[in-house]
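**Student:** Next comes my_file.tsv, TSV, N, CA and C atoms:
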chain	number	residue	atom	x	y	z
X	1	MET	N	-4.98	39.61	65.83
X	1	MET	CA	-4.68	39.39	64.43
X	1	MET	C	-5.86	39.83	63.57
X	2	GLN	N	-5.58	40.52	62.49
X	2	GLN	CA	-6.61	41.02	61.59
X	2	GLN	C	-7.18	39.88	60.75
X	3	PRO	N	-8.53	39.73	60.73
X	3	PRO	CA	-9.10	38.68	59.89
X	3	PRO	C	-8.89	39.01	58.40
X	4	THR	N	-8.92	37.97	57.60
X	4	THR	CA	-8.79	38.18	56.16
X	4	THR	C	-9.98	37.57	55.45
X	5	ALA	N	-10.22	38.06	54.25
X	5	ALA	CA	-11.26	37.52	53.38
X	5	ALA	C	-10.56	36.94	52.16
X	6	THR	N	-11.06	35.81	51.68
X	6	THR	CA	-10.47	35.17	50.51
X	6	THR	C	-11.37	35.41	49.30
X	7	VAL	N	-10.78	36.00	48.28
X	7	VAL	CA	-11.51	36.33	47.05
X	7	VAL	C	-10.95	35.49	45.91
X	8	LEU	N	-11.80	34.69	45.29
X	8	LEU	CA	-11.42	33.91	44.13
X	8	LEU	C	-11.61	34.77	42.89
X	9	VAL	N	-10.61	34.83	42.04
X	9	VAL	CA	-10.68	35.61	40.79
X	9	VAL	C	-10.50	34.65	39.62
X	10	TYR	N	-11.53	34.57	38.77
X	10	TYR	CA	-11.47	33.71	37.59
X	10	TYR	C	-11.42	34.53	36.32
X	11	SER	N	-10.38	34.33	35.54
X	11	SER	CA	-10.26	34.88	34.19
X	11	SER	C	-9.13	34.14	33.50
X	12	ASP	N	-9.31	33.91	32.20
X	12	ASP	CA	-8.23	33.31	31.43
X	12	ASP	C	-7.17	34.34	31.08
X	13	ASP	N	-7.48	35.61	31.33
X	13	ASP	CA	-6.59	36.73	31.00
X	13	ASP	C	-5.89	37.22	32.27
X	14	SER	N	-4.58	37.07	32.31
X	14	SER	CA	-3.83	37.49	33.50
X	14	SER	C	-3.93	39.00	33.73
X	15	THR	N	-4.13	39.77	32.66
X	15	THR	CA	-4.28	41.23	32.79
X	15	THR	C	-5.57	41.57	33.55
X	16	THR	N	-6.64	40.85	33.27
X	16	THR	CA	-7.90	41.07	33.98
X	16	THR	C	-7.75	40.72	35.45
X	17	ARG	N	-7.09	39.61	35.73
X	17	ARG	CA	-6.87	39.24	37.14
X	17	ARG	C	-6.04	40.30	37.85
X	18	GLU	N	-5.05	40.85	37.15
X	18	GLU	CA	-4.23	41.92	37.73
X	18	GLU	C	-5.06	43.17	37.98
X	19	GLN	N	-5.96	43.54	37.06
X	19	GLN	CA	-6.83	44.69	37.25
X	19	GLN	C	-7.67	44.54	38.53
X	20	VAL	N	-8.16	43.33	38.76
X	20	VAL	CA	-8.95	43.06	39.97
X	20	VAL	C	-8.09	43.24	41.22
X	21	ARG	N	-6.89	42.68	41.21
X	21	ARG	CA	-6.00	42.81	42.37
X	21	ARG	C	-5.65	44.27	42.64
X	22	LEU	N	-5.33	45.02	41.59
X	22	LEU	CA	-4.96	46.42	41.76
X	22	LEU	C	-6.14	47.28	42.22
X	23	ALA	N	-7.33	47.00	41.69
X	23	ALA	CA	-8.52	47.76	42.10
X	23	ALA	C	-8.89	47.49	43.55
X	24	THR	N	-8.59	46.30	44.02
X	24	THR	CA	-8.92	45.93	45.40
X	24	THR	C	-7.89	46.49	46.38
X	25	GLY	N	-6.64	46.43	46.01
X	25	GLY	CA	-5.58	46.81	46.94
X	25	GLY	C	-5.52	45.81	48.08
X	26	ARG	N	-5.11	46.26	49.24
X	26	ARG	CA	-5.05	45.36	50.40
X	26	ARG	C	-6.43	45.09	50.96
X	27	ARG	N	-7.32	46.07	50.83
X	27	ARG	CA	-8.71	45.92	51.24
X	27	ARG	C	-9.53	46.93	50.45
X	28	PRO	N	-10.74	46.57	50.02
X	28	PRO	CA	-11.52	47.47	49.18
X	28	PRO	C	-12.18	48.63	49.93
X	29	ALA	N	-12.28	48.53	51.25
X	29	ALA	CA	-12.87	49.59	52.07
X	29	ALA	C	-12.33	49.44	53.49
X	30	PRO	N	-12.30	50.53	54.25
X	30	PRO	CA	-11.72	50.47	55.60
X	30	PRO	C	-12.47	49.55	56.57
X	31	ASP	N	-13.76	49.29	56.33
X	31	ASP	CA	-14.55	48.50	57.27
X	31	ASP	C	-14.65	47.02	56.91
X	32	VAL	N	-13.86	46.57	55.94
X	32	VAL	CA	-13.86	45.14	55.58
X	32	VAL	C	-12.46	44.58	55.81
X	33	PRO	N	-12.35	43.26	55.92
X	33	PRO	CA	-11.03	42.66	56.21
X	33	PRO	C	-10.04	42.81	55.05
X	34	LEU	N	-8.79	42.57	55.37
X	34	LEU	CA	-7.76	42.47	54.34
X	34	LEU	C	-8.13	41.33	53.40
X	35	VAL	N	-7.72	41.44	52.15
X	35	VAL	CA	-8.11	40.46	51.13
X	35	VAL	C	-6.90	39.63	50.70
X	36	GLU	N	-7.13	38.33	50.61
X	36	GLU	CA	-6.18	37.40	50.00
X	36	GLU	C	-6.85	36.88	48.73
X	37	PHE	N	-6.06	36.69	47.68
X	37	PHE	CA	-6.60	36.25	46.40
X	37	PHE	C	-6.24	34.81	46.10
X	38	VAL	N	-7.18	34.13	45.48
X	38	VAL	CA	-6.95	32.82	44.86
X	38	VAL	C	-7.27	33.05	43.39
X	39	GLU	N	-6.29	32.87	42.52
X	39	GLU	CA	-6.49	33.11	41.10
X	39	GLU	C	-6.69	31.80	40.36
X	40	CYS	N	-7.67	31.80	39.45
X	40	CYS	CA	-7.97	30.62	38.64
X	40	CYS	C	-8.09	31.05	37.18
X	41	ALA	N	-7.51	30.23	36.29
X	41	ALA	CA	-7.57	30.52	34.86
X	41	ALA	C	-8.49	29.56	34.12
X	42	THR	N	-9.01	28.53	34.80
X	42	THR	CA	-9.89	27.56	34.16
X	42	THR	C	-11.12	27.31	35.03
X	43	PRO	N	-12.24	26.93	34.39
X	43	PRO	CA	-13.44	26.62	35.18
X	43	PRO	C	-13.21	25.46	36.16
X	44	GLY	N	-12.45	24.47	35.74
X	44	GLY	CA	-12.17	23.33	36.63
X	44	GLY	C	-11.44	23.76	37.90
X	45	ALA	N	-10.52	24.70	37.76
X	45	ALA	CA	-9.80	25.20	38.94
X	45	ALA	C	-10.75	25.94	39.89
X	46	VAL	N	-11.72	26.65	39.33
X	46	VAL	CA	-12.71	27.36	40.17
X	46	VAL	C	-13.50	26.36	41.00
X	47	VAL	N	-14.03	25.33	40.33
X	47	VAL	CA	-14.83	24.32	41.03
X	47	VAL	C	-13.99	23.63	42.10
X	48	LYS	N	-12.75	23.32	41.79
X	48	LYS	CA	-11.85	22.66	42.76
X	48	LYS	C	-11.65	23.54	43.99
X	49	GLU	N	-11.41	24.85	43.78
X	49	GLU	CA	-11.20	25.76	44.91
X	49	GLU	C	-12.47	25.92	45.74
X	50	LEU	N	-13.63	25.98	45.08
X	50	LEU	CA	-14.89	26.11	45.81
X	50	LEU	C	-15.17	24.84	46.61
X	51	ASP	N	-14.85	23.68	46.05
X	51	ASP	CA	-15.02	22.43	46.80
X	51	ASP	C	-14.12	22.38	48.02
X	52	ARG	N	-12.94	22.98	47.92
X	52	ARG	CA	-11.99	23.03	49.03
X	52	ARG	C	-12.54	23.88	50.18
X	53	GLY	N	-13.30	24.94	49.82
X	53	GLY	CA	-13.92	25.80	50.83
X	53	GLY	C	-13.05	27.00	51.17
X	54	GLY	N	-13.60	27.89	52.00
X	54	GLY	CA	-12.86	29.04	52.48
X	54	GLY	C	-12.92	30.26	51.57
X	55	ILE	N	-13.71	30.23	50.52
X	55	ILE	CA	-13.83	31.38	49.62
X	55	ILE	C	-14.97	32.26	50.11
X	56	ASP	N	-14.70	33.56	50.25
X	56	ASP	CA	-15.72	34.50	50.73
X	56	ASP	C	-16.50	35.16	49.59
X	57	VAL	N	-15.83	35.46	48.49
X	57	VAL	CA	-16.46	36.09	47.32
X	57	VAL	C	-15.75	35.58	46.08
X	58	CYS	N	-16.53	35.38	45.00
X	58	CYS	CA	-15.97	35.02	43.70
X	58	CYS	C	-16.09	36.21	42.76
X	59	VAL	N	-15.03	36.50	42.02
X	59	VAL	CA	-15.05	37.49	40.96
X	59	VAL	C	-14.84	36.71	39.66
X	60	LEU	N	-15.85	36.72	38.79
X	60	LEU	CA	-15.81	35.91	37.58
X	60	LEU	C	-15.84	36.81	36.35
X	61	ASP	N	-14.94	36.55	35.41
X	61	ASP	CA	-14.84	37.30	34.17
X	61	ASP	C	-15.86	36.76	33.17
X	62	GLY	N	-16.85	37.58	32.85
X	62	GLY	CA	-17.87	37.18	31.89
X	62	GLY	C	-17.34	36.99	30.49
X	63	GLU	N	-16.16	37.52	30.21
X	63	GLU	CA	-15.57	37.42	28.87
X	63	GLU	C	-14.52	36.32	28.78
X	64	ALA	N	-14.37	35.51	29.82
X	64	ALA	CA	-13.34	34.46	29.82
X	64	ALA	C	-13.64	33.40	28.78
X	65	VAL	N	-12.57	32.74	28.33
X	65	VAL	CA	-12.66	31.68	27.34
X	65	VAL	C	-11.98	30.45	27.94
X	66	PRO	N	-12.46	29.27	27.81
X	66	PRO	CA	-13.54	28.79	26.96
X	66	PRO	C	-14.92	28.91	27.60
X	67	MET	N	-15.00	29.14	28.89
X	67	MET	CA	-16.29	29.28	29.56
X	67	MET	C	-16.36	30.63	30.23
X	68	GLY	N	-17.35	31.40	29.86
X	68	GLY	CA	-17.52	32.73	30.44
X	68	GLY	C	-17.98	32.66	31.88
X	69	GLY	N	-17.76	33.75	32.58
X	69	GLY	CA	-18.13	33.81	33.98
X	69	GLY	C	-19.61	33.73	34.24
X	70	MET	N	-20.43	34.14	33.27
X	70	MET	CA	-21.88	34.07	33.48
X	70	MET	C	-22.36	32.63	33.53
X	71	GLY	N	-21.92	31.82	32.57
X	71	GLY	CA	-22.29	30.40	32.58
X	71	GLY	C	-21.71	29.68	33.78
X	72	LEU	N	-20.47	30.02	34.13
X	72	LEU	CA	-19.83	29.41	35.29
X	72	LEU	C	-20.56	29.80	36.57
X	73	CYS	N	-20.99	31.04	36.66
X	73	CYS	CA	-21.73	31.49	37.83
X	73	CYS	C	-23.01	30.68	38.01
X	74	ARG	N	-23.75	30.54	36.93
X	74	ARG	CA	-25.00	29.77	37.01
X	74	ARG	C	-24.71	28.33	37.42
X	75	GLN	N	-23.65	27.75	36.89
X	75	GLN	CA	-23.29	26.38	37.23
X	75	GLN	C	-22.95	26.25	38.72
X	76	ILE	N	-22.11	27.14	39.24
X	76	ILE	CA	-21.71	27.00	40.64
X	76	ILE	C	-22.87	27.31	41.58
X	77	LYS	N	-23.77	28.19	41.19
X	77	LYS	CA	-24.95	28.47	42.02
X	77	LYS	C	-25.82	27.22	42.14
X	78	ASP	N	-25.86	26.40	41.07
X	78	ASP	CA	-26.63	25.16	41.10
X	78	ASP	C	-25.90	24.03	41.81
X	79	GLU	N	-24.56	24.00	41.74
X	79	GLU	CA	-23.81	22.83	42.17
X	79	GLU	C	-23.05	22.96	43.48
X	80	VAL	N	-22.76	24.18	43.92
X	80	VAL	CA	-21.93	24.35	45.12
X	80	VAL	C	-22.81	24.72	46.31
X	81	PHE	N	-22.77	23.88	47.34
X	81	PHE	CA	-23.53	24.17	48.56
X	81	PHE	C	-23.00	25.44	49.21
X	82	ASP	N	-23.89	26.31	49.62
X	82	ASP	CA	-23.54	27.57	50.27
X	82	ASP	C	-22.53	28.35	49.41
X	83	CYS	N	-22.88	28.47	48.14
X	83	CYS	CA	-22.00	29.16	47.18
X	83	CYS	C	-21.76	30.60	47.63
X	84	PRO	N	-20.51	31.04	47.59
X	84	PRO	CA	-20.22	32.42	47.97
X	84	PRO	C	-20.85	33.40	46.97
X	85	PRO	N	-21.03	34.64	47.38
X	85	PRO	CA	-21.57	35.63	46.44
X	85	PRO	C	-20.61	35.84	45.27
X	86	VAL	N	-21.19	36.23	44.14
X	86	VAL	CA	-20.42	36.40	42.91
X	86	VAL	C	-20.51	37.83	42.42
X	87	LEU	N	-19.34	38.39	42.09
X	87	LEU	CA	-19.23	39.69	41.42
X	87	LEU	C	-18.79	39.38	40.00
X	88	LEU	N	-19.64	39.73	39.05
X	88	LEU	CA	-19.41	39.40	37.65
X	88	LEU	C	-18.81	40.58	36.91
X	89	LEU	N	-17.79	40.31	36.10
X	89	LEU	CA	-17.20	41.33	35.24
X	89	LEU	C	-17.81	41.18	33.86
X	90	MET	N	-18.53	42.22	33.40
X	90	MET	CA	-19.23	42.16	32.12
X	90	MET	C	-18.52	43.01	31.08
X	91	GLY	N	-18.64	42.58	29.83
X	91	GLY	CA	-18.05	43.33	28.73
X	91	GLY	C	-18.82	44.59	28.37
X	92	ARG	N	-20.14	44.57	28.57
X	92	ARG	CA	-20.99	45.71	28.20
X	92	ARG	C	-22.08	45.91	29.26
X	93	PRO	N	-22.46	47.15	29.52
X	93	PRO	CA	-23.55	47.39	30.48
X	93	PRO	C	-24.86	46.74	30.03
X	94	GLN	N	-25.04	46.57	28.73
X	94	GLN	CA	-26.26	45.96	28.20
X	94	GLN	C	-26.39	44.49	28.60
X	95	ASP	N	-25.31	43.91	29.10
X	95	ASP	CA	-25.34	42.50	29.51
X	95	ASP	C	-25.83	42.32	30.94
X	96	ALA	N	-26.34	43.37	31.55
X	96	ALA	CA	-26.82	43.28	32.94
X	96	ALA	C	-27.91	42.22	33.09
X	97	TRP	N	-28.74	42.06	32.08
X	97	TRP	CA	-29.80	41.05	32.17
X	97	TRP	C	-29.19	39.64	32.23
X	98	LEU	N	-28.06	39.44	31.55
X	98	LEU	CA	-27.39	38.13	31.62
X	98	LEU	C	-26.79	37.90	33.00
X	99	ALA	N	-26.32	38.96	33.62
X	99	ALA	CA	-25.81	38.84	34.99
X	99	ALA	C	-26.93	38.40	35.93
X	100	THR	N	-28.12	38.92	35.71
X	100	THR	CA	-29.28	38.51	36.51
X	100	THR	C	-29.61	37.04	36.24
X	101	TRP	N	-29.58	36.64	34.97
X	101	TRP	CA	-29.83	35.24	34.61
X	101	TRP	C	-28.84	34.31	35.29
X	102	SER	N	-27.58	34.76	35.38
X	102	SER	CA	-26.53	33.91	35.96
X	102	SER	C	-26.64	33.80	37.48
X	103	ARG	N	-27.46	34.65	38.09
X	103	ARG	CA	-27.68	34.70	39.54
X	103	ARG	C	-26.51	35.32	40.30
X	104	ALA	N	-25.73	36.14	39.61
X	104	ALA	CA	-24.66	36.88	40.28
X	104	ALA	C	-25.28	37.92	41.21
X	105	GLU	N	-24.66	38.13	42.35
X	105	GLU	CA	-25.17	39.12	43.30
X	105	GLU	C	-24.84	40.55	42.88
X	106	SER	N	-23.79	40.72	42.09
X	106	SER	CA	-23.37	42.06	41.66
X	106	SER	C	-22.64	41.94	40.33
X	107	ALA	N	-22.58	43.06	39.60
X	107	ALA	CA	-21.87	43.07	38.32
X	107	ALA	C	-21.31	44.46	38.05
X	108	VAL	N	-20.13	44.49	37.44
X	108	VAL	CA	-19.50	45.74	36.99
X	108	VAL	C	-18.96	45.50	35.59
X	109	THR	N	-18.72	46.58	34.86
X	109	THR	CA	-18.24	46.43	33.49
X	109	THR	C	-16.72	46.47	33.42
X	110	LEU	N	-16.22	45.85	32.37
X	110	LEU	CA	-14.80	45.89	32.03
X	110	LEU	C	-14.56	47.08	31.11
X	111	PRO	N	-13.40	47.70	31.09
X	111	PRO	CA	-12.29	47.43	32.01
X	111	PRO	C	-12.68	47.82	33.43
X	112	VAL	N	-11.98	47.25	34.39
X	112	VAL	CA	-12.30	47.45	35.80
X	112	VAL	C	-12.08	48.90	36.19
X	113	ASP	N	-13.15	49.53	36.69
X	113	ASP	CA	-13.05	50.87	37.28
X	113	ASP	C	-12.77	50.66	38.77
X	114	PRO	N	-11.62	51.11	39.27
X	114	PRO	CA	-11.25	50.80	40.66
X	114	PRO	C	-12.27	51.24	41.70
X	115	VAL	N	-12.87	52.40	41.55
X	115	VAL	CA	-13.82	52.88	42.55
X	115	VAL	C	-15.09	52.04	42.53
X	116	GLU	N	-15.64	51.81	41.34
X	116	GLU	CA	-16.87	51.02	41.21
X	116	GLU	C	-16.64	49.58	41.67
X	117	PHE	N	-15.51	49.01	41.26
X	117	PHE	CA	-15.22	47.63	41.62
X	117	PHE	C	-15.04	47.48	43.13
X	118	ALA	N	-14.24	48.35	43.74
X	118	ALA	CA	-13.98	48.27	45.18
X	118	ALA	C	-15.28	48.41	45.98
X	119	ALA	N	-16.16	49.30	45.55
X	119	ALA	CA	-17.44	49.47	46.24
X	119	ALA	C	-18.30	48.21	46.15
X	120	ALA	N	-18.35	47.60	44.97
X	120	ALA	CA	-19.15	46.39	44.79
X	120	ALA	C	-18.57	45.23	45.60
X	121	LEU	N	-17.25	45.07	45.57
X	121	LEU	CA	-16.61	43.99	46.33
X	121	LEU	C	-16.80	44.19	47.83
X	122	ALA	N	-16.61	45.40	48.31
X	122	ALA	CA	-16.79	45.69	49.74
X	122	ALA	C	-18.21	45.38	50.19
X	123	SER	N	-19.19	45.72	49.36
X	123	SER	CA	-20.58	45.44	49.69
X	123	SER	C	-20.82	43.93	49.85
X	124	LEU	N	-20.27	43.13	48.93
X	124	LEU	CA	-20.44	41.68	49.03
X	124	LEU	C	-19.71	41.12	50.24
X	125	LEU	N	-18.54	41.65	50.56
X	125	LEU	CA	-17.82	41.19	51.74
X	125	LEU	C	-18.59	41.53	53.02
X	126	ARG	N	-19.21	42.70	53.07
X	126	ARG	CA	-20.02	43.07	54.24
X	126	ARG	C	-21.20	42.12	54.40
X	127	GLU	N	-21.89	41.84	53.28
X	127	GLU	CA	-23.05	40.94	53.32
X	127	GLU	C	-22.64	39.54	53.78
X	128	ARG	N	-21.52	39.06	53.28
X	128	ARG	CA	-21.04	37.72	53.65
X	128	ARG	C	-20.68	37.68	55.14
X	129	ALA	N	-20.04	38.74	55.63
X	129	ALA	CA	-19.68	38.79	57.05
X	129	ALA	C	-20.92	38.83	57.92
X	130	ALA	N	-21.95	39.55	57.50
X	130	ALA	CA	-23.19	39.62	58.27
X	130	ALA	C	-23.88	38.26	58.32
X	131	LEU	N	-23.84	37.51	57.23
X	131	LEU	CA	-24.44	36.18	57.21
X	131	LEU	C	-23.69	35.21	58.11
X	132	ASN	N	-22.37	35.38	58.19
X	132	ASN	CA	-21.56	34.46	58.98
X	132	ASN	C	-21.48	34.85	60.46
X	133	ALA	N	-22.01	36.02	60.80
X	133	ALA	CA	-21.93	36.50	62.19
X	133	ALA	C	-22.94	35.82	63.09
When written as structure tokens, how does the structure in this file appear?
**Tutor:**
Amino acid sequence: MQPTATVLVYSDDSTTREQVRLATGRRPAPDVPLVEFVECATPGAVVKELDRGGIDVCVLDGEAVPMGGMGLCRQIKDEVFDCPPVLLLMGRPQDAWLATWSRAESAVTLPVDPVEFAAALASLLRERAALNA
């Protein structure tokens, strides 16, 4: 049986969540597992899913309302034991310093570019698999 990776996607915008799913496809690269998604539209739902466990990578929308992904990323890095790596979706490339402040492992700009996004997600999945091996 093929292993799967679970990717949490947080955005209040269903279109952004759809962009992430479409950019990922069934798997973002041939050498990483198939991906299953857990979608969250609120910060509380993200924390609840992380507390439940089993998340391999988080994709957080930095432009989400009422709480952006950058602030949420910083919060979960402080509060969640063994927090999964975070891929942050930023509104502008100039916000890269905020992504660093939030402690996200990777960041890409919106709208989602499928090639750039898939490469960043695959890299985080590889790193997570290496840590768990």
**Student:** Could you check which of X:Ile55, X:Val7, X:Ser102, X:Gly25 is closest to Gly71 (chain X), using only N, CA and C atoms?
**Tutor:**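 Closest residue, counting only N, CA and C atoms: X:Ser102.
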**Student:** Please report the interatomic distance between CA of Ala118 (chain X) and CA of Arg27 (chain X) in Å with one decimal.
**Tutor:**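 Atom-to-atom, CA of Ala118 (chain X) and CA of Arg27 (chain X) are spaced 8.4 Å apart.
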**Student:** Using only C-alpha atoms, which protein or nucleic acid residues come within 8 Å of region 38-52 of chain X? Drop anything in the same chain fewer than 6 positions from it, and give the result as a PyMOL selection string.
**Tutor:** chain X and resi 6-13+17+67+72+76+80+83
**Student:** With distances taken over only N, CA and C atoms, which residue among X:Val57, X:Leu22, X:Val32, X:Met70 lies nearest Ala104 (chain X)?
**Tutor:**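 Residue with the minimum atom-to-atom distance to Ala104 (chain X): X:Met70.
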**Student:** Extract the full set of alpha helix (DSSP H) residues from region 7-86 of chain X according to DSSP on the backbone, and format it as an MDAnalysis selection string.
**Tutor:** chainID X and resid 14:24 43:52 69:79
**Student:** Go ahead and compute the interatomic distance for atom N of Leu60 (chain X) and CA of Phe81 (chain X), in Å to one decimal.
**Tutor:**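 For atom N of Leu60 (chain X) relative to CA of Phe81 (chain X), the distance reads 17.7 Å.
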**Student:** How many Å lie between atom N of Leu89 (chain X) and atom N of Gly69 (chain X), rounded to one decimal?
**Tutor:**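 For atom N of Leu89 (chain X) relative to atom N of Gly69 (chain X), the distance reads 7.4 Å.
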**Student:** Using only C-alpha atoms for the distances, tell me which of X:Asp31, X:Ala99, X:Gln19, X:Thr24 is nearest to Pro3 (chain X).
**Tutor:**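 The answer is X:Asp31, which sits nearest to Pro3 (chain X).
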**Student:** In chain X, what's strand (DSSP E or B) per DSSP? Answer as a VMD selection string?
**Tutor:** chain X and resid 4 to 10 34 to 40 57 to 61 86 to 90 106 to 109
**Student:** Could you write out the selected residues, including N, CA and C atoms, as a PDB file, keeping the file's coordinate frame?
**Tutor:**
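Dumped to part-v5.pdb:
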ATOM      1  N   THR X   4      -8.920  37.970  57.600  1.00  0.00           N
ATOM      2  CA  THR X   4      -8.790  38.180  56.160  1.00  0.00           C
ATOM      3  C   THR X   4      -9.980  37.570  55.450  1.00  0.00           C
ATOM      4  N   ALA X   5     -10.220  38.060  54.250  1.00  0.00           N
ATOM      5  CA  ALA X   5     -11.260  37.520  53.380  1.00  0.00           C
ATOM      6  C   ALA X   5     -10.560  36.940  52.160  1.00  0.00           C
ATOM      7  N   THR X   6     -11.060  35.810  51.680  1.00  0.00           N
ATOM      8  CA  THR X   6     -10.470  35.170  50.510  1.00  0.00           C
ATOM      9  C   THR X   6     -11.370  35.410  49.300  1.00  0.00           C
ATOM     10  N   VAL X   7     -10.780  36.000  48.280  1.00  0.00           N
ATOM     11  CA  VAL X   7     -11.510  36.330  47.050  1.00  0.00           C
ATOM     12  C   VAL X   7     -10.950  35.490  45.910  1.00  0.00           C
ATOM     13  N   LEU X   8     -11.800  34.690  45.290  1.00  0.00           N
ATOM     14  CA  LEU X   8     -11.420  33.910  44.130  1.00  0.00           C
ATOM     15  C   LEU X   8     -11.610  34.770  42.890  1.00  0.00           C
ATOM     16  N   VAL X   9     -10.610  34.830  42.040  1.00  0.00           N
ATOM     17  CA  VAL X   9     -10.680  35.610  40.790  1.00  0.00           C
ATOM     18  C   VAL X   9     -10.500  34.650  39.620  1.00  0.00           C
ATOM     19  N   TYR X  10     -11.530  34.570  38.770  1.00  0.00           N
ATOM     20  CA  TYR X  10     -11.470  33.710  37.590  1.00  0.00           C
ATOM     21  C   TYR X  10     -11.420  34.530  36.320  1.00  0.00           C
ATOM     22  N   LEU X  34      -8.790  42.570  55.370  1.00  0.00           N
ATOM     23  CA  LEU X  34      -7.760  42.470  54.340  1.00  0.00           C
ATOM     24  C   LEU X  34      -8.130  41.330  53.400  1.00  0.00           C
ATOM     25  N   VAL X  35      -7.720  41.440  52.150  1.00  0.00           N
ATOM     26  CA  VAL X  35      -8.110  40.460  51.130  1.00  0.00           C
ATOM     27  C   VAL X  35      -6.900  39.630  50.700  1.00  0.00           C
ATOM     28  N   GLU X  36      -7.130  38.330  50.610  1.00  0.00           N
ATOM     29  CA  GLU X  36      -6.180  37.400  50.000  1.00  0.00           C
ATOM     30  C   GLU X  36      -6.850  36.880  48.730  1.00  0.00           C
ATOM     31  N   PHE X  37      -6.060  36.690  47.680  1.00  0.00           N
ATOM     32  CA  PHE X  37      -6.600  36.250  46.400  1.00  0.00           C
ATOM     33  C   PHE X  37      -6.240  34.810  46.100  1.00  0.00           C
ATOM     34  N   VAL X  38      -7.180  34.130  45.480  1.00  0.00           N
ATOM     35  CA  VAL X  38      -6.950  32.820  44.860  1.00  0.00           C
ATOM     36  C   VAL X  38      -7.270  33.050  43.390  1.00  0.00           C
ATOM     37  N   GLU X  39      -6.290  32.870  42.520  1.00  0.00           N
ATOM     38  CA  GLU X  39      -6.490  33.110  41.100  1.00  0.00           C
ATOM     39  C   GLU X  39      -6.690  31.800  40.360  1.00  0.00           C
ATOM     40  N   CYS X  40      -7.670  31.800  39.450  1.00  0.00           N
ATOM     41  CA  CYS X  40      -7.970  30.620  38.640  1.00  0.00           C
ATOM     42  C   CYS X  40      -8.090  31.050  37.180  1.00  0.00           C
ATOM     43  N   VAL X  57     -15.830  35.460  48.490  1.00  0.00           N
ATOM     44  CA  VAL X  57     -16.460  36.090  47.320  1.00  0.00           C
ATOM     45  C   VAL X  57     -15.750  35.580  46.080  1.00  0.00           C
ATOM     46  N   CYS X  58     -16.530  35.380  45.000  1.00  0.00           N
ATOM     47  CA  CYS X  58     -15.970  35.020  43.700  1.00  0.00           C
ATOM     48  C   CYS X  58     -16.090  36.210  42.760  1.00  0.00           C
ATOM     49  N   VAL X  59     -15.030  36.500  42.020  1.00  0.00           N
ATOM     50  CA  VAL X  59     -15.050  37.490  40.960  1.00  0.00           C
ATOM     51  C   VAL X  59     -14.840  36.710  39.660  1.00  0.00           C
ATOM     52  N   LEU X  60     -15.850  36.720  38.790  1.00  0.00           N
ATOM     53  CA  LEU X  60     -15.810  35.910  37.580  1.00  0.00           C
ATOM     54  C   LEU X  60     -15.840  36.810  36.350  1.00  0.00           C
ATOM     55  N   ASP X  61     -14.940  36.550  35.410  1.00  0.00           N
ATOM     56  CA  ASP X  61     -14.840  37.300  34.170  1.00  0.00           C
ATOM     57  C   ASP X  61     -15.860  36.760  33.170  1.00  0.00           C
ATOM     58  N   VAL X  86     -21.190  36.230  44.140  1.00  0.00           N
ATOM     59  CA  VAL X  86     -20.420  36.400  42.910  1.00  0.00           C
ATOM     60  C   VAL X  86     -20.510  37.830  42.420  1.00  0.00           C
ATOM     61  N   LEU X  87     -19.340  38.390  42.090  1.00  0.00           N
ATOM     62  CA  LEU X  87     -19.230  39.690  41.420  1.00  0.00           C
ATOM     63  C   LEU X  87     -18.790  39.380  40.000  1.00  0.00           C
ATOM     64  N   LEU X  88     -19.640  39.730  39.050  1.00  0.00           N
ATOM     65  CA  LEU X  88     -19.410  39.400  37.650  1.00  0.00           C
ATOM     66  C   LEU X  88     -18.810  40.580  36.910  1.00  0.00           C
ATOM     67  N   LEU X  89     -17.790  40.310  36.100  1.00  0.00           N
ATOM     68  CA  LEU X  89     -17.200  41.330  35.240  1.00  0.00           C
ATOM     69  C   LEU X  89     -17.810  41.180  33.860  1.00  0.00           C
ATOM     70  N   MET X  90     -18.530  42.220  33.400  1.00  0.00           N
ATOM     71  CA  MET X  90     -19.230  42.160  32.120  1.00  0.00           C
ATOM     72  C   MET X  90     -18.520  43.010  31.080  1.00  0.00           C
ATOM     73  N   SER X 106     -23.790  40.720  42.090  1.00  0.00           N
ATOM     74  CA  SER X 106     -23.370  42.060  41.660  1.00  0.00           C
ATOM     75  C   SER X 106     -22.640  41.940  40.330  1.00  0.00           C
ATOM     76  N   ALA X 107     -22.580  43.060  39.600  1.00  0.00           N
ATOM     77  CA  ALA X 107     -21.870  43.070  38.320  1.00  0.00           C
ATOM     78  C   ALA X 107     -21.310  44.460  38.050  1.00  0.00           C
ATOM     79  N   VAL X 108     -20.130  44.490  37.440  1.00  0.00           N
ATOM     80  CA  VAL X 108     -19.500  45.740  36.990  1.00  0.00           C
ATOM     81  C   VAL X 108     -18.960  45.500  35.590  1.00  0.00           C
ATOM     82  N   THR X 109     -18.720  46.580  34.860  1.00  0.00           N
ATOM     83  CA  THR X 109     -18.240  46.430  33.490  1.00  0.00           C
ATOM     84  C   THR X 109     -16.720  46.470  33.420  1.00  0.00           C
TER      85      THR X 109
END
**Student:** Excluding same-chain residues fewer than 2 positions from Ala107 (chain X), what lies within 6.5 Å of it counting all atoms listed in the file, as a ChimeraX atom specification?
**Tutor:** /X:86-90,104-105,109
